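K.L.:
Data file structure25.cif (mmCIF, C-alpha atoms) is appended below.
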```cif
data_coords
#
loop_
_atom_site.group_PDB
_atom_site.id
_atom_site.type_symbol
_atom_site.label_atom_id
_atom_site.label_comp_id
_atom_site.auth_asym_id
_atom_site.auth_seq_id
_atom_site.Cartn_x
_atom_site.Cartn_y
_atom_site.Cartn_z
ATOM 1 C CA MET B 123 -57.927 46.657 8.920
ATOM 2 C CA HIS B 124 -59.103 49.768 7.161
ATOM 3 C CA THR B 125 -58.306 51.312 3.827
ATOM 4 C CA GLU B 126 -56.349 54.109 5.512
ATOM 5 C CA SER B 127 -53.645 51.630 6.498
ATOM 6 C CA VAL B 128 -50.079 52.842 6.051
ATOM 7 C CA LEU B 129 -49.257 49.602 4.237
ATOM 8 C CA LYS B 130 -48.747 50.282 0.555
ATOM 9 C CA ASN B 131 -46.778 47.268 -0.632
ATOM 10 C CA VAL B 132 -47.723 43.814 0.615
ATOM 11 C CA ILE B 133 -46.555 40.460 -0.732
ATOM 12 C CA VAL B 134 -48.348 37.181 -0.055
ATOM 13 C CA GLU B 135 -46.181 34.113 -0.602
ATOM 14 C CA GLY B 136 -46.188 30.372 -0.091
ATOM 15 C CA PRO B 137 -46.080 27.064 -1.978
ATOM 16 C CA ILE B 138 -48.389 26.016 -4.782
ATOM 17 C CA GLY B 139 -51.984 25.611 -3.621
ATOM 18 C CA VAL B 140 -51.686 27.399 -0.293
ATOM 19 C CA GLY B 141 -54.103 30.191 -1.276
ATOM 20 C CA LYS B 142 -51.859 33.197 -1.860
ATOM 21 C CA SER B 143 -53.596 34.472 -5.003
ATOM 22 C CA SER B 144 -57.078 34.310 -3.486
ATOM 23 C CA LEU B 145 -55.911 36.140 -0.374
ATOM 24 C CA SER B 146 -54.105 38.745 -2.470
ATOM 25 C CA HIS B 147 -57.356 39.469 -4.324
ATOM 26 C CA ARG B 148 -59.205 40.092 -1.087
ATOM 27 C CA LEU B 149 -56.448 42.207 0.465
ATOM 28 C CA ALA B 150 -56.256 44.368 -2.658
ATOM 29 C CA THR B 151 -59.947 45.167 -2.257
ATOM 30 C CA THR B 152 -59.523 45.913 1.449
ATOM 31 C CA PHE B 153 -56.491 48.148 0.933
ATOM 32 C CA ASN B 154 -57.837 49.673 -2.275
ATOM 33 C CA LEU B 155 -54.514 48.971 -3.975
ATOM 34 C CA PRO B 156 -53.543 47.575 -7.391
ATOM 35 C CA LEU B 157 -53.281 43.802 -7.593
ATOM 36 C CA ILE B 158 -50.252 42.170 -9.223
ATOM 37 C CA LEU B 159 -50.524 38.437 -9.748
ATOM 38 C CA GLU B 160 -48.349 35.755 -11.208
ATOM 39 C CA LYS B 161 -49.427 34.748 -14.708
ATOM 40 C CA PRO B 162 -48.609 31.049 -15.026
ATOM 41 C CA ALA B 163 -51.150 30.602 -17.826
ATOM 42 C CA GLU B 164 -48.977 32.843 -20.033
ATOM 43 C CA ASN B 165 -45.964 30.544 -19.697
ATOM 44 C CA PRO B 166 -46.013 28.344 -22.830
ATOM 45 C CA PHE B 167 -43.565 25.874 -21.273
ATOM 46 C CA LEU B 168 -45.321 25.234 -17.971
ATOM 47 C CA GLU B 169 -47.659 22.438 -19.018
ATOM 48 C CA ARG B 170 -44.786 20.751 -20.855
ATOM 49 C CA PHE B 171 -42.648 21.118 -17.708
ATOM 50 C CA TYR B 172 -45.103 19.087 -15.649
ATOM 51 C CA LYS B 173 -45.087 16.377 -18.330
ATOM 52 C CA SER B 174 -41.294 16.348 -18.825
ATOM 53 C CA PRO B 175 -39.542 18.302 -16.034
ATOM 54 C CA LYS B 176 -35.948 17.644 -17.050
ATOM 55 C CA ARG B 177 -36.506 18.721 -20.628
ATOM 56 C CA TYR B 178 -38.486 21.889 -19.960
ATOM 57 C CA SER B 179 -37.181 23.139 -16.592
ATOM 58 C CA LEU B 180 -34.827 25.769 -17.985
ATOM 59 C CA PRO B 181 -37.150 27.456 -20.516
ATOM 60 C CA THR B 182 -39.970 27.382 -17.962
ATOM 61 C CA GLN B 183 -37.755 29.021 -15.365
ATOM 62 C CA LEU B 184 -36.351 31.660 -17.719
ATOM 63 C CA PHE B 185 -39.813 32.610 -18.968
ATOM 64 C CA PHE B 186 -40.993 33.130 -15.382
ATOM 65 C CA LEU B 187 -37.864 35.139 -14.560
ATOM 66 C CA PHE B 188 -38.337 37.564 -17.459
ATOM 67 C CA GLN B 189 -42.050 37.816 -16.739
ATOM 68 C CA ARG B 190 -41.517 38.617 -13.064
ATOM 69 C CA VAL B 191 -38.790 41.154 -13.796
ATOM 70 C CA GLN B 192 -41.173 42.963 -16.147
ATOM 71 C CA GLN B 193 -43.967 42.884 -13.569
ATOM 72 C CA LEU B 194 -41.559 44.251 -10.978
ATOM 73 C CA ALA B 195 -40.559 47.103 -13.288
ATOM 74 C CA ASP B 196 -44.222 47.929 -13.897
ATOM 75 C CA ARG B 197 -44.882 47.902 -10.147
ATOM 76 C CA GLU B 198 -41.996 50.283 -9.456
ATOM 77 C CA ARG B 199 -43.445 52.776 -11.938
ATOM 78 C CA ASP B 200 -46.765 52.719 -10.087
ATOM 79 C CA GLN B 201 -46.258 54.867 -7.006
ATOM 80 C CA SER B 202 -49.612 53.914 -5.475
ATOM 81 C CA GLY B 203 -48.253 50.606 -4.152
ATOM 82 C CA SER B 204 -49.620 47.117 -4.702
ATOM 83 C CA ILE B 205 -50.703 43.782 -3.318
ATOM 84 C CA SER B 206 -48.788 40.950 -4.964
ATOM 85 C CA ASP B 207 -48.840 37.155 -4.791
ATOM 86 C CA PHE B 208 -45.144 36.708 -5.594
ATOM 87 C CA MET B 209 -41.686 37.956 -4.693
ATOM 88 C CA ILE B 210 -38.895 38.025 -7.248
ATOM 89 C CA ALA B 211 -36.697 36.094 -4.792
ATOM 90 C CA LYS B 212 -38.949 33.053 -5.257
ATOM 91 C CA ASP B 213 -37.484 32.574 -8.710
ATOM 92 C CA PRO B 214 -34.103 31.266 -7.483
ATOM 93 C CA ILE B 215 -35.969 29.001 -5.046
ATOM 94 C CA PHE B 216 -37.695 27.233 -7.923
ATOM 95 C CA ALA B 217 -34.518 27.268 -10.008
ATOM 96 C CA SER B 218 -32.587 25.461 -7.290
ATOM 97 C CA LEU B 219 -35.257 22.754 -7.148
ATOM 98 C CA ASN B 220 -35.805 22.219 -10.854
ATOM 99 C CA LEU B 221 -32.500 22.813 -12.654
ATOM 100 C CA ASP B 222 -29.350 20.723 -12.788
ATOM 101 C CA ASN B 223 -25.980 22.223 -11.808
ATOM 102 C CA GLU B 224 -25.059 23.490 -15.263
ATOM 103 C CA GLU B 225 -28.508 24.997 -15.781
ATOM 104 C CA VAL B 226 -28.386 26.675 -12.368
ATOM 105 C CA ALA B 227 -25.053 28.264 -13.301
ATOM 106 C CA LEU B 228 -26.525 29.599 -16.546
ATOM 107 C CA TYR B 229 -29.668 30.750 -14.778
ATOM 108 C CA GLN B 230 -27.616 32.636 -12.180
ATOM 109 C CA GLN B 231 -25.718 34.449 -14.940
ATOM 110 C CA VAL B 232 -28.989 35.585 -16.480
ATOM 111 C CA TYR B 233 -30.474 36.518 -13.088
ATOM 112 C CA GLN B 234 -27.447 38.596 -12.141
ATOM 113 C CA SER B 235 -27.269 40.278 -15.546
ATOM 114 C CA LEU B 236 -30.816 41.543 -15.042
ATOM 115 C CA SER B 237 -29.726 43.352 -11.858
ATOM 116 C CA VAL B 238 -32.815 42.177 -10.015
ATOM 117 C CA ASP B 239 -33.119 44.346 -6.918
ATOM 118 C CA ALA B 240 -36.685 44.454 -5.678
ATOM 119 C CA PRO B 241 -37.532 46.923 -2.901
ATOM 120 C CA ALA B 242 -38.608 45.342 0.365
ATOM 121 C CA PRO B 243 -42.383 45.325 0.936
ATOM 122 C CA ASP B 244 -44.056 46.970 3.897
ATOM 123 C CA LEU B 245 -45.174 43.474 4.918
ATOM 124 C CA MET B 246 -44.450 39.943 3.753
ATOM 125 C CA ILE B 247 -47.163 37.368 4.472
ATOM 126 C CA TYR B 248 -46.014 33.747 4.256
ATOM 127 C CA LEU B 249 -48.761 31.125 4.132
ATOM 128 C CA GLN B 250 -47.905 27.596 5.268
ATOM 129 C CA ALA B 251 -49.852 24.344 5.042
ATOM 130 C CA PRO B 252 -49.011 20.613 5.087
ATOM 131 C CA VAL B 253 -48.483 18.864 1.774
ATOM 132 C CA SER B 254 -51.707 16.894 2.216
ATOM 133 C CA VAL B 255 -53.641 20.171 2.390
ATOM 134 C CA LEU B 256 -51.817 21.599 -0.635
ATOM 135 C CA GLN B 257 -52.695 18.477 -2.630
ATOM 136 C CA LYS B 258 -56.381 18.775 -1.742
ATOM 137 C CA ARG B 259 -56.479 22.423 -2.775
ATOM 138 C CA ILE B 260 -54.633 21.763 -6.019
ATOM 139 C CA LYS B 261 -57.087 18.989 -6.834
ATOM 140 C CA LYS B 262 -60.054 21.214 -5.976
ATOM 141 C CA ARG B 263 -59.045 24.040 -8.296
ATOM 142 C CA SER B 264 -58.799 21.518 -11.158
ATOM 143 C CA ILE B 265 -56.044 23.040 -13.267
ATOM 144 C CA LYS B 266 -55.262 20.095 -15.506
ATOM 145 C CA TYR B 267 -51.463 20.266 -15.655
ATOM 146 C CA GLU B 268 -51.177 20.854 -11.890
ATOM 147 C CA GLN B 269 -52.662 17.438 -11.209
ATOM 148 C CA ARG B 270 -49.266 15.976 -12.151
ATOM 149 C CA ILE B 271 -47.578 17.635 -9.157
ATOM 150 C CA ASP B 272 -46.591 14.911 -6.702
ATOM 151 C CA ALA B 273 -46.204 14.983 -2.932
ATOM 152 C CA LYS B 274 -42.400 14.716 -3.009
ATOM 153 C CA TYR B 275 -42.090 17.836 -5.151
ATOM 154 C CA LEU B 276 -44.514 19.761 -2.937
ATOM 155 C CA GLN B 277 -42.557 18.709 0.153
ATOM 156 C CA ARG B 278 -39.266 19.862 -1.369
ATOM 157 C CA LEU B 279 -40.874 23.145 -2.338
ATOM 158 C CA SER B 280 -42.392 23.671 1.110
ATOM 159 C CA ASP B 281 -39.053 22.896 2.768
ATOM 160 C CA ALA B 282 -37.294 25.394 0.495
ATOM 161 C CA TYR B 283 -39.803 28.106 1.403
ATOM 162 C CA THR B 284 -39.422 27.326 5.101
ATOM 163 C CA GLU B 285 -35.651 27.615 4.858
ATOM 164 C CA PHE B 286 -35.882 30.884 2.929
ATOM 165 C CA PHE B 287 -38.228 32.535 5.408
ATOM 166 C CA HIS B 288 -36.259 31.238 8.379
ATOM 167 C CA ARG B 289 -33.493 33.569 7.218
ATOM 168 C CA TYR B 290 -35.722 36.358 5.888
ATOM 169 C CA ASP B 291 -35.287 39.751 7.566
ATOM 170 C CA SER B 292 -35.831 42.280 4.769
ATOM 171 C CA SER B 293 -39.211 43.459 6.056
ATOM 172 C CA PRO B 294 -41.844 42.651 8.676
ATOM 173 C CA LEU B 295 -42.880 39.028 8.199
ATOM 174 C CA LEU B 296 -46.192 37.426 9.171
ATOM 175 C CA ILE B 297 -46.112 33.614 9.031
ATOM 176 C CA VAL B 298 -49.624 32.149 8.884
ATOM 177 C CA ASN B 299 -50.621 28.534 9.452
ATOM 178 C CA ALA B 300 -53.187 28.279 6.677
ATOM 179 C CA ALA B 301 -53.937 24.576 7.072
ATOM 180 C CA GLU B 302 -57.446 24.964 8.499
ATOM 181 C CA PHE B 303 -57.881 28.664 7.992
ATOM 182 C CA ASN B 304 -60.193 30.165 5.363
ATOM 183 C CA PRO B 305 -59.865 33.954 5.105
ATOM 184 C CA ILE B 306 -61.584 33.899 1.722
ATOM 185 C CA ASP B 307 -64.963 32.375 2.594
ATOM 186 C CA ASN B 308 -64.983 32.891 6.368
ATOM 187 C CA GLU B 309 -65.347 36.510 7.483
ATOM 188 C CA VAL B 310 -64.288 35.735 11.061
ATOM 189 C CA ASP B 311 -61.046 34.219 9.793
ATOM 190 C CA TYR B 312 -60.412 37.178 7.508
ATOM 191 C CA GLN B 313 -60.969 39.758 10.230
ATOM 192 C CA ALA B 314 -58.668 37.819 12.569
ATOM 193 C CA LEU B 315 -55.978 37.925 9.900
ATOM 194 C CA LEU B 316 -56.414 41.679 9.428
ATOM 195 C CA VAL B 317 -55.818 42.184 13.141
ATOM 196 C CA GLN B 318 -52.565 40.262 12.826
ATOM 197 C CA ILE B 319 -51.578 42.361 9.802
ATOM 198 C CA GLU B 320 -52.149 45.578 11.747
ATOM 199 C CA GLN B 321 -49.879 44.336 14.526
ATOM 200 C CA ALA B 322 -47.050 43.073 12.297
ATOM 201 C CA THR B 323 -45.149 46.344 12.100
ATOM 202 C CA ALA B 324 -41.626 45.006 12.665
ATOM 203 C CA GLY B 325 -39.785 41.710 12.986
ATOM 204 C CA LYS B 326 -41.216 38.213 12.602
ATOM 205 C CA HIS B 327 -44.722 37.256 13.704
ATOM 206 C CA PHE B 328 -46.538 33.909 13.821
ATOM 207 C CA PHE B 329 -50.285 33.420 13.463
ATOM 208 C CA ASN B 330 -51.541 29.935 14.258
ATOM 209 C CA PRO B 331 -55.329 30.345 14.236
ATOM 210 C CA LEU B 332 -57.677 27.903 15.888
ATOM 211 C CA VAL B 333 -60.103 25.987 13.702
ATOM 212 C CA SER B 334 -63.172 28.105 13.123
#
```
Please express the file's structure as structure tokens.
P.N.:
Amino acid sequence: MHTESVLKNVIVEGPIGVGKSSLSHRLATTFNLPLILEKPAENPFLERFYKSPKRYSLPTQLFFLFQRVQQLADRERDQSGSISDFMIAKDPIFASLNLDNEEVALYQQVYQSLSVDAPAPDLMIYLQAPVSVLQKRIKKRSIKYEQRIDAKYLQRLSDAYTEFFHRYDSSPLLIVNAAEFNPIDNEVDYQALLVQIEQATAGKHFFNPLVS
């Protein structure tokens, strides 16, 4: 992959701990494009959510929604394109997992009132990994409140992502098995991924790399 690539808007997605932010950083350098990352540390409810999910699910979700809408608006004003580690459509995924029926109904009213209509990226990259791998990576990065995330929640989240991307057809989609794949520290892995990115010009593509 070279910096003259025609790709201008790329989104890297996947469940917590799969490595989307780290990969987004590296792709932004390769493409010479602005980097737009989620900002979970700015959410004042997030740590409280992991301690008491039922009590803090709704404010946590609404904070993220407003934050992502603002980031999306900022991205649309920047005509140079971007590499991002989130899609706005992930917000309803988390809402459906974390909110009760009445809260989901309220959330949907807010979501619809914001007229969220994100343009499709030039490429969507979806990183997958088993829950056991996600848990190891979450433990390794040592964010205190994330250590409360249990395997059942990660499995539900992973299943929800899988279902979403099974139906996804808004842009070219590259699905990557990231279980034993390290495009951050392993240059061979990264270059192999860039080849796959170059080839993913339409439709759905699967990249299941061998262990390096």
K.L.:
Could you tell me which residues the PyMOL selection byres ((chain B and resi 149) around 10) returns for this structure, as a ChimeraX atom specification?
P.N.:
/B:123,125,132,134,143-148,150-157,204-206,306,312,316
K.L.:
Please determine, counting only C-alpha atoms, which residue among B:Leu221, B:Ala282, B:Leu228, B:Ala273 has the shortest atom-to-atom distance to Gly136 of chain B.
P.N.:
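Under the stated criterion, the closest residue is B:Ala282.
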K.L.:
Report as a list in words the residues that result from applying the PyMOL selection byres ((chain B and resi 230-244) around 8) to the structure here.
P.N.:
Leu129, Lys130, Asn131, Val132, Ile133, Leu187, Val191, Leu194, Ile210, Val226, Ala227, Leu228, Tyr229, Leu245, Met246, Ser292, Ser293 and Pro294 of chain B
K.L.:
Evaluated on this file, the PyMOL selection byres ((chain B and resi 138) around 8) picks out some residues - which ones are they, written as a ChimeraX atom specification?
P.N.:
/B:136-137,139-141,256,260,276
K.L.:
Taking only C-alpha atoms into account, name the residue in B:Ile158, B:Arg278, B:Thr182, B:Glu302 that is nearest to Glu198 of chain B.
P.N.:
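Looking only at the distances to Glu198 of chain B, the closest residue turns out to be B:Ile158.
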K.L.:
Take the point (-53.2, 26.0, 6.1) as written in the file and pick out every residue within 9 Å of it, counting all atoms listed in the file; give the list as a JSON list (two decimals) with C-alpha atoms, keeping the file's coordinate frame.
P.N.:
```json
[["chain", "number", "residue", "atom", "x", "y", "z"],
["B", 140, "VAL", "CA", -51.69, 27.40, -0.29],
["B", 141, "GLY", "CA", -54.10, 30.19, -1.28],
["B", 249, "LEU", "CA", -48.76, 31.12, 4.13],
["B", 250, "GLN", "CA", -47.90, 27.60, 5.27],
["B", 251, "ALA", "CA", -49.85, 24.34, 5.04],
["B", 252, "PRO", "CA", -49.01, 20.61, 5.09],
["B", 255, "VAL", "CA", -53.64, 20.17, 2.39],
["B", 256, "LEU", "CA", -51.82, 21.60, -0.64],
["B", 298, "VAL", "CA", -49.62, 32.15, 8.88],
["B", 299, "ASN", "CA", -50.62, 28.53, 9.45],
["B", 300, "ALA", "CA", -53.19, 28.28, 6.68],
["B", 301, "ALA", "CA", -53.94, 24.58, 7.07],
["B", 302, "GLU", "CA", -57.45, 24.96, 8.50],
["B", 303, "PHE", "CA", -57.88, 28.66, 7.99],
["B", 304, "ASN", "CA", -60.19, 30.16, 5.36]]
```
K.L.:
From the set B:Asn223, B:Lys266, B:Ala314, B:Phe208, which residue has the shortest atom-to-atom contact distance to Leu168 of chain B, counting all atoms listed in the file?
P.N.:
B:Lys266
K.L.:
Give me, please, the distance in Å between atom CA of Asn330 of chain B and atom CA of Val128 of chain B, quoted to one decimal.
P.N.:
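Between atom CA of Asn330 of chain B and atom CA of Val128 of chain B the gap works out to 24.4 Å.
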K.L.:
Measure the distance from atom CA of Gln192 of chain B to atom CA of Phe286 of chain B in Å and round it to one decimal.
P.N.:
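Separation of atom CA of Gln192 of chain B and atom CA of Phe286 of chain B: 23.2 Å.
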K.L.:
Give the answer as one residue: which of B:Lys142, B:Lys161, B:Lys173, B:His288 has the shortest atom-to-atom distance to Asp272 of chain B, using all atoms listed in the file?
P.N.:
B:Lys173
K.L.:
Using all atoms listed in the file, find the one residue out of B:Glu320, B:Asp207, B:Asp196, B:Glu268 that sits nearest to Glu160 of chain B.
P.N.:
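Checking each of B:Glu320, B:Asp207, B:Asp196, B:Glu268 against Glu160 of chain B, counting all atoms listed in the file, the winner is B:Asp207.
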K.L.:
Measure the distance from atom CA of Ala195 of chain B to atom CA of Arg177 of chain B in Å and round it to one decimal.
P.N.:
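That distance, rounded to one decimal, is 29.6 Å.
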K.L.:
Go through B:Ile247, B:Phe287, B:Pro166, B:Arg190 and flag the residue nearest Ala322 of chain B, using all atoms listed in the file for the distances.
P.N.:
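Looking only at the distances to Ala322 of chain B, the closest residue turns out to be B:Ile247.
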